[in-house]
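**Q** Provided below: entry39.txt, containing compact mmCIF, N, CA and C atoms.
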# COMPACT_ATOMS: atom_id res chain seq x y z
N MET A 893 130.91 -152.12 24.54
CA MET A 893 130.88 -152.24 25.98
C MET A 893 129.70 -151.43 26.51
N PRO A 894 128.87 -151.99 27.39
CA PRO A 894 127.71 -151.26 27.91
C PRO A 894 128.13 -150.12 28.82
N ARG A 895 127.30 -149.07 28.83
CA ARG A 895 127.56 -147.92 29.69
C ARG A 895 127.05 -148.20 31.10
N ALA A 896 127.61 -147.50 32.05
CA ALA A 896 127.13 -147.61 33.42
C ALA A 896 125.71 -147.08 33.50
N ALA A 897 124.93 -147.62 34.41
CA ALA A 897 123.52 -147.24 34.51
C ALA A 897 123.32 -145.79 34.89
N SER A 898 124.29 -145.19 35.60
CA SER A 898 124.11 -143.80 36.05
C SER A 898 124.46 -142.78 34.97
N VAL A 899 125.01 -143.22 33.86
CA VAL A 899 125.40 -142.29 32.79
C VAL A 899 124.27 -142.21 31.78
N ARG A 900 123.81 -141.01 31.55
CA ARG A 900 122.71 -140.81 30.62
C ARG A 900 123.27 -140.65 29.20
N ALA A 901 122.38 -140.59 28.25
CA ALA A 901 122.78 -140.53 26.84
C ALA A 901 123.61 -139.29 26.54
N HIS A 902 123.43 -138.19 27.27
CA HIS A 902 124.17 -136.97 26.98
C HIS A 902 125.54 -136.95 27.63
N GLY A 903 125.93 -138.00 28.32
CA GLY A 903 127.29 -138.13 28.80
C GLY A 903 127.55 -137.70 30.23
N LEU A 904 126.59 -137.07 30.89
CA LEU A 904 126.81 -136.65 32.27
C LEU A 904 126.05 -137.57 33.21
N GLY A 905 126.74 -138.02 34.24
CA GLY A 905 126.09 -138.81 35.26
C GLY A 905 125.34 -137.91 36.23
N GLU A 906 124.60 -138.52 37.12
CA GLU A 906 123.80 -137.76 38.06
C GLU A 906 124.65 -136.86 38.95
N GLU A 907 125.79 -137.35 39.40
CA GLU A 907 126.67 -136.56 40.24
C GLU A 907 127.22 -135.35 39.49
N ASP A 908 127.56 -135.55 38.22
CA ASP A 908 128.07 -134.45 37.40
C ASP A 908 127.00 -133.39 37.18
N MET A 909 125.78 -133.83 36.92
CA MET A 909 124.68 -132.89 36.71
C MET A 909 124.45 -132.06 37.97
N CYS A 910 124.50 -132.71 39.11
CA CYS A 910 124.31 -132.01 40.38
C CYS A 910 125.43 -131.00 40.60
N ALA A 911 126.65 -131.41 40.36
CA ALA A 911 127.80 -130.52 40.55
C ALA A 911 127.71 -129.30 39.63
N VAL A 912 127.32 -129.50 38.40
CA VAL A 912 127.20 -128.39 37.45
C VAL A 912 126.10 -127.44 37.90
N GLY A 913 124.97 -127.98 38.33
CA GLY A 913 123.86 -127.14 38.79
C GLY A 913 124.25 -126.30 40.00
N ILE A 914 124.92 -126.91 40.98
CA ILE A 914 125.36 -126.18 42.17
C ILE A 914 126.42 -125.15 41.80
N ALA A 915 127.34 -125.50 40.88
CA ALA A 915 128.36 -124.55 40.45
C ALA A 915 127.72 -123.33 39.78
N MET A 916 126.67 -123.56 39.00
CA MET A 916 125.98 -122.44 38.35
C MET A 916 125.29 -121.56 39.39
N LEU A 917 124.71 -122.17 40.43
CA LEU A 917 124.08 -121.39 41.49
C LEU A 917 125.13 -120.56 42.23
N LEU A 918 126.25 -121.16 42.58
CA LEU A 918 127.30 -120.44 43.29
C LEU A 918 127.89 -119.31 42.44
N THR A 919 128.04 -119.55 41.15
CA THR A 919 128.52 -118.49 40.25
C THR A 919 127.55 -117.33 40.24
N SER A 920 126.27 -117.65 40.19
CA SER A 920 125.24 -116.61 40.22
C SER A 920 125.33 -115.81 41.52
N LEU A 921 125.52 -116.48 42.65
CA LEU A 921 125.64 -115.79 43.93
C LEU A 921 126.89 -114.92 43.99
N ARG A 922 127.98 -115.38 43.40
CA ARG A 922 129.22 -114.59 43.40
C ARG A 922 129.05 -113.27 42.66
N PHE A 923 128.30 -113.30 41.57
CA PHE A 923 128.08 -112.09 40.79
C PHE A 923 127.11 -111.12 41.46
N GLN A 924 126.20 -111.61 42.29
CA GLN A 924 125.17 -110.78 42.90
C GLN A 924 125.60 -110.06 44.16
N HIS A 925 126.51 -110.64 44.90
CA HIS A 925 126.83 -110.14 46.23
C HIS A 925 128.23 -109.54 46.29
N PRO A 926 128.37 -108.42 47.01
CA PRO A 926 129.70 -107.82 47.16
C PRO A 926 130.69 -108.72 47.90
N GLU A 927 130.17 -109.60 48.77
CA GLU A 927 131.06 -110.51 49.50
C GLU A 927 131.28 -111.80 48.72
N ARG A 928 130.90 -111.77 47.45
CA ARG A 928 131.08 -112.88 46.50
C ARG A 928 130.28 -114.12 46.89
N GLY A 929 129.17 -113.94 47.60
CA GLY A 929 128.29 -115.05 47.94
C GLY A 929 128.82 -115.98 49.00
N GLU A 930 129.79 -115.52 49.78
CA GLU A 930 130.42 -116.38 50.77
C GLU A 930 129.73 -116.37 52.13
N VAL A 931 128.72 -115.53 52.30
CA VAL A 931 128.00 -115.44 53.58
C VAL A 931 126.57 -115.95 53.37
N PRO A 932 126.30 -117.19 53.74
CA PRO A 932 124.98 -117.77 53.51
C PRO A 932 123.83 -116.96 54.11
N ALA A 933 124.07 -116.25 55.21
CA ALA A 933 123.01 -115.47 55.85
C ALA A 933 122.52 -114.34 54.95
N LEU A 934 123.32 -113.92 53.98
CA LEU A 934 122.93 -112.84 53.08
C LEU A 934 122.24 -113.33 51.81
N TRP A 935 122.19 -114.65 51.63
CA TRP A 935 121.48 -115.19 50.48
C TRP A 935 120.00 -114.98 50.71
N GLY A 936 119.23 -115.00 49.69
CA GLY A 936 117.79 -114.82 49.85
C GLY A 936 117.03 -115.24 48.62
N ARG A 937 115.77 -114.94 48.64
CA ARG A 937 114.88 -115.30 47.53
C ARG A 937 115.37 -114.69 46.22
N ALA A 938 115.89 -113.49 46.28
CA ALA A 938 116.37 -112.82 45.06
C ALA A 938 117.46 -113.64 44.38
N GLY A 939 118.30 -114.31 45.16
CA GLY A 939 119.35 -115.14 44.58
C GLY A 939 118.80 -116.30 43.78
N ILE A 940 117.74 -116.90 44.27
CA ILE A 940 117.11 -118.01 43.55
C ILE A 940 116.43 -117.48 42.28
N VAL A 941 115.81 -116.32 42.38
CA VAL A 941 115.15 -115.74 41.20
C VAL A 941 116.16 -115.42 40.11
N VAL A 942 117.29 -114.84 40.49
CA VAL A 942 118.33 -114.53 39.51
C VAL A 942 118.88 -115.81 38.89
N TYR A 943 119.13 -116.82 39.71
CA TYR A 943 119.61 -118.12 39.20
C TYR A 943 118.61 -118.71 38.21
N SER A 944 117.34 -118.71 38.59
CA SER A 944 116.30 -119.26 37.71
C SER A 944 116.22 -118.50 36.39
N ASN A 945 116.27 -117.18 36.47
CA ASN A 945 116.23 -116.37 35.25
C ASN A 945 117.44 -116.63 34.36
N ARG A 946 118.60 -116.80 34.97
CA ARG A 946 119.82 -117.10 34.20
C ARG A 946 119.70 -118.46 33.50
N MET A 947 119.15 -119.44 34.20
CA MET A 947 118.98 -120.76 33.60
C MET A 947 118.01 -120.71 32.42
N VAL A 948 116.93 -119.96 32.56
CA VAL A 948 115.96 -119.81 31.48
C VAL A 948 116.60 -119.07 30.31
N HIS A 949 117.42 -118.06 30.59
CA HIS A 949 118.11 -117.32 29.53
C HIS A 949 119.05 -118.26 28.75
N LEU A 950 119.80 -119.09 29.46
CA LEU A 950 120.71 -120.03 28.78
C LEU A 950 119.94 -120.99 27.88
N THR A 951 118.76 -121.38 28.32
CA THR A 951 117.93 -122.27 27.51
C THR A 951 117.37 -121.53 26.30
N ALA A 952 116.90 -120.31 26.52
CA ALA A 952 116.30 -119.53 25.43
C ALA A 952 117.32 -119.18 24.34
N THR A 953 118.57 -119.00 24.73
CA THR A 953 119.62 -118.66 23.75
C THR A 953 120.28 -119.89 23.15
N GLY A 954 119.82 -121.07 23.54
CA GLY A 954 120.35 -122.30 22.96
C GLY A 954 121.65 -122.78 23.56
N LYS A 955 122.09 -122.21 24.68
CA LYS A 955 123.35 -122.62 25.30
C LYS A 955 123.19 -123.87 26.16
N GLN A 956 121.94 -124.23 26.48
CA GLN A 956 121.65 -125.49 27.16
C GLN A 956 120.26 -125.93 26.74
N SER A 957 120.02 -127.20 26.86
CA SER A 957 118.72 -127.73 26.45
C SER A 957 117.69 -127.57 27.58
N ALA A 958 116.44 -127.70 27.22
CA ALA A 958 115.37 -127.62 28.21
C ALA A 958 115.47 -128.78 29.20
N SER A 959 115.93 -129.93 28.75
CA SER A 959 116.07 -131.07 29.66
C SER A 959 117.16 -130.81 30.69
N ARG A 960 118.22 -130.13 30.28
CA ARG A 960 119.28 -129.79 31.25
C ARG A 960 118.80 -128.73 32.23
N LEU A 961 118.01 -127.78 31.75
CA LEU A 961 117.42 -126.78 32.64
C LEU A 961 116.64 -127.49 33.74
N LEU A 962 115.81 -128.42 33.35
CA LEU A 962 114.99 -129.16 34.30
C LEU A 962 115.86 -130.00 35.24
N ALA A 963 116.86 -130.67 34.69
CA ALA A 963 117.73 -131.52 35.51
C ALA A 963 118.53 -130.70 36.53
N TYR A 964 119.15 -129.61 36.07
CA TYR A 964 119.93 -128.76 36.98
C TYR A 964 119.05 -128.20 38.08
N THR A 965 117.87 -127.73 37.71
CA THR A 965 116.96 -127.13 38.69
C THR A 965 116.52 -128.17 39.72
N ARG A 966 116.20 -129.35 39.26
CA ARG A 966 115.79 -130.42 40.20
C ARG A 966 116.91 -130.80 41.15
N PHE A 967 118.13 -130.89 40.62
CA PHE A 967 119.25 -131.27 41.47
C PHE A 967 119.56 -130.18 42.50
N VAL A 968 119.52 -128.93 42.09
CA VAL A 968 119.78 -127.84 43.03
C VAL A 968 118.70 -127.83 44.11
N CYS A 969 117.47 -128.02 43.72
CA CYS A 969 116.36 -128.09 44.67
C CYS A 969 116.61 -129.19 45.69
N ARG A 970 116.98 -130.35 45.21
CA ARG A 970 117.23 -131.51 46.07
C ARG A 970 118.41 -131.28 47.01
N VAL A 971 119.48 -130.69 46.51
CA VAL A 971 120.67 -130.46 47.33
C VAL A 971 120.38 -129.43 48.42
N LEU A 972 119.70 -128.34 48.07
CA LEU A 972 119.37 -127.34 49.09
C LEU A 972 118.49 -127.94 50.17
N PHE A 973 117.56 -128.81 49.80
CA PHE A 973 116.72 -129.49 50.78
C PHE A 973 117.57 -130.39 51.67
N ARG A 974 118.51 -131.11 51.08
CA ARG A 974 119.38 -131.99 51.87
C ARG A 974 120.25 -131.20 52.83
N PHE A 975 120.74 -130.03 52.40
CA PHE A 975 121.53 -129.19 53.30
C PHE A 975 120.74 -128.90 54.57
N ARG A 976 119.47 -128.57 54.39
CA ARG A 976 118.63 -128.24 55.54
C ARG A 976 118.37 -129.47 56.41
N THR A 977 118.04 -130.59 55.78
CA THR A 977 117.73 -131.78 56.57
C THR A 977 118.95 -132.33 57.31
N LEU A 978 120.13 -132.07 56.79
CA LEU A 978 121.36 -132.48 57.47
C LEU A 978 121.77 -131.50 58.57
N GLY A 979 121.06 -130.39 58.66
CA GLY A 979 121.36 -129.40 59.70
C GLY A 979 122.48 -128.44 59.35
N LEU A 980 122.88 -128.41 58.10
CA LEU A 980 123.99 -127.54 57.72
C LEU A 980 123.63 -126.07 57.75
N ALA A 981 122.33 -125.76 57.71
CA ALA A 981 121.90 -124.36 57.74
C ALA A 981 121.61 -123.90 59.17
N GLY A 982 121.71 -124.79 60.12
CA GLY A 982 121.43 -124.45 61.52
C GLY A 982 122.63 -123.86 62.22
N LEU A 983 122.43 -123.54 63.48
CA LEU A 983 123.46 -122.94 64.31
C LEU A 983 124.71 -123.82 64.34
N GLY A 984 125.83 -123.25 63.98
CA GLY A 984 127.09 -123.97 63.96
C GLY A 984 127.32 -124.80 62.71
N GLY A 985 126.36 -124.81 61.80
CA GLY A 985 126.49 -125.58 60.56
C GLY A 985 127.33 -124.83 59.53
N LEU A 986 127.74 -125.53 58.53
CA LEU A 986 128.56 -124.96 57.46
C LEU A 986 127.85 -123.80 56.75
N LEU A 987 126.54 -123.90 56.62
CA LEU A 987 125.75 -122.86 55.95
C LEU A 987 124.89 -122.11 56.96
N GLU A 988 125.44 -121.86 58.13
CA GLU A 988 124.70 -121.21 59.21
C GLU A 988 124.08 -119.89 58.74
N GLY A 989 122.81 -119.75 59.02
CA GLY A 989 122.11 -118.52 58.68
C GLY A 989 121.48 -118.51 57.30
N MET A 990 121.59 -119.62 56.55
CA MET A 990 120.97 -119.66 55.23
C MET A 990 119.47 -119.47 55.39
N PRO A 991 118.90 -118.44 54.75
CA PRO A 991 117.48 -118.15 54.93
C PRO A 991 116.57 -119.30 54.49
N VAL A 992 115.44 -119.39 55.12
CA VAL A 992 114.47 -120.43 54.81
C VAL A 992 113.95 -120.27 53.39
N ASP A 993 113.82 -119.03 52.93
CA ASP A 993 113.29 -118.80 51.59
C ASP A 993 114.32 -119.03 50.48
N PHE A 994 115.56 -119.41 50.86
CA PHE A 994 116.57 -119.70 49.85
C PHE A 994 116.41 -121.17 49.44
N GLY A 995 115.54 -121.37 48.49
CA GLY A 995 115.26 -122.70 48.00
C GLY A 995 114.41 -122.63 46.74
N ILE A 996 114.34 -123.72 46.03
CA ILE A 996 113.52 -123.78 44.83
C ILE A 996 112.25 -124.52 45.21
N TRP A 997 111.11 -123.85 45.04
CA TRP A 997 109.83 -124.38 45.44
C TRP A 997 109.04 -124.81 44.21
N PRO A 998 108.00 -125.62 44.39
CA PRO A 998 107.21 -126.09 43.25
C PRO A 998 106.69 -124.98 42.35
N ALA A 999 106.40 -123.83 42.91
CA ALA A 999 105.90 -122.70 42.10
C ALA A 999 106.96 -122.13 41.17
N ASP A 1000 108.22 -122.43 41.45
CA ASP A 1000 109.31 -121.89 40.63
C ASP A 1000 109.39 -122.67 39.34
Let's see the structure in the file written out as structure tokens.

**A**
Amino acid sequence: MPRAASVRAHGLGEEDMCAVGIAMLLTSLRFQHPERGEVPALWGRAGIVVYSNRMVHLTATGKQSASRLLAYTRFVCRVLFRFRTLGLAGLGGLLEGMPVDFGIWPAD
């Protein structure tokens, strides 16, 4: 029986890859902040740097492949951009106060 087009050879669909990437980012934020990462206004560039370093560490130790590192990073980048374009980081939004520098940029 043929596989669905959205399922890649490694078994995770695009939605699953995105969910895993965001979950890893949120886990990273929970460990960094005393308020467990629940206040978007306190997130910052340091949070993205720690997340990126953790992802590279997992790849270097063989716990994830380089292709997954790239996929997770791309999905997190895309989702954070969508949050902003949907206005979720603005006044009254779900992620109100999320800093502008909290994002994955091409230089990362």

**Q** Name the closest residue to Met916 (chain A) among the candidates A:Val931, A:Leu980, A:Tyr943, A:Leu972; distances are taken between atoms, counting only N, CA and C atoms.

**A**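 The closest residue to Met916 (chain A) is A:Tyr943.
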
**Q** For Arg946 (chain A), please output as a compact mmCIF listing (two decimals) with N, CA and C atoms, in the coordinates of the input all residues within 10 Å (counting only C-alpha atoms; exclusion window: fewer than 6 positions along the same chain).

**A**
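Final file, around-v2.txt:
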# COMPACT_ATOMS: atom_id res chain seq x y z
N MET A 916 126.67 -123.56 39.00
CA MET A 916 125.98 -122.44 38.35
C MET A 916 125.29 -121.56 39.39
N LEU A 917 124.71 -122.17 40.43
CA LEU A 917 124.08 -121.39 41.49
C LEU A 917 125.13 -120.56 42.23
N SER A 920 126.27 -117.65 40.19
CA SER A 920 125.24 -116.61 40.22
C SER A 920 125.33 -115.81 41.52
N ILE A 940 117.74 -116.90 44.27
CA ILE A 940 117.11 -118.01 43.55
C ILE A 940 116.43 -117.48 42.28
N ALA A 952 116.90 -120.31 26.52
CA ALA A 952 116.30 -119.53 25.43
C ALA A 952 117.32 -119.18 24.34

**Q** Would you pick out the contacts of Pro998 (chain A) at 12 Å or less, using only C-alpha atoms, so that residues sharing its chain but fewer than 3 positions from it are not included, and give the list as a PyMOL selection string?

**A** chain A and resi 965-966+969-970+995

**Q** What gap, in Å, lies between CA of Ala915 (chain A) and CA of Gly982 (chain A)?

**A**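 Answer for the CA of Ala915 (chain A) to CA of Gly982 (chain A) separation: 22.2 Å.
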
**Q** Running DSSP on the backbone, which parts of chain A land in helix (DSSP H, G or I), as an NGL selection string?

**A** :A and (906-924 or 932-934 or 937-952 or 958-977)

**Q** What does the distance from atom C of Val968 (chain A) to atom C of Gly905 (chain A) come to in Å, to one decimal?

**A** 14.4 Å
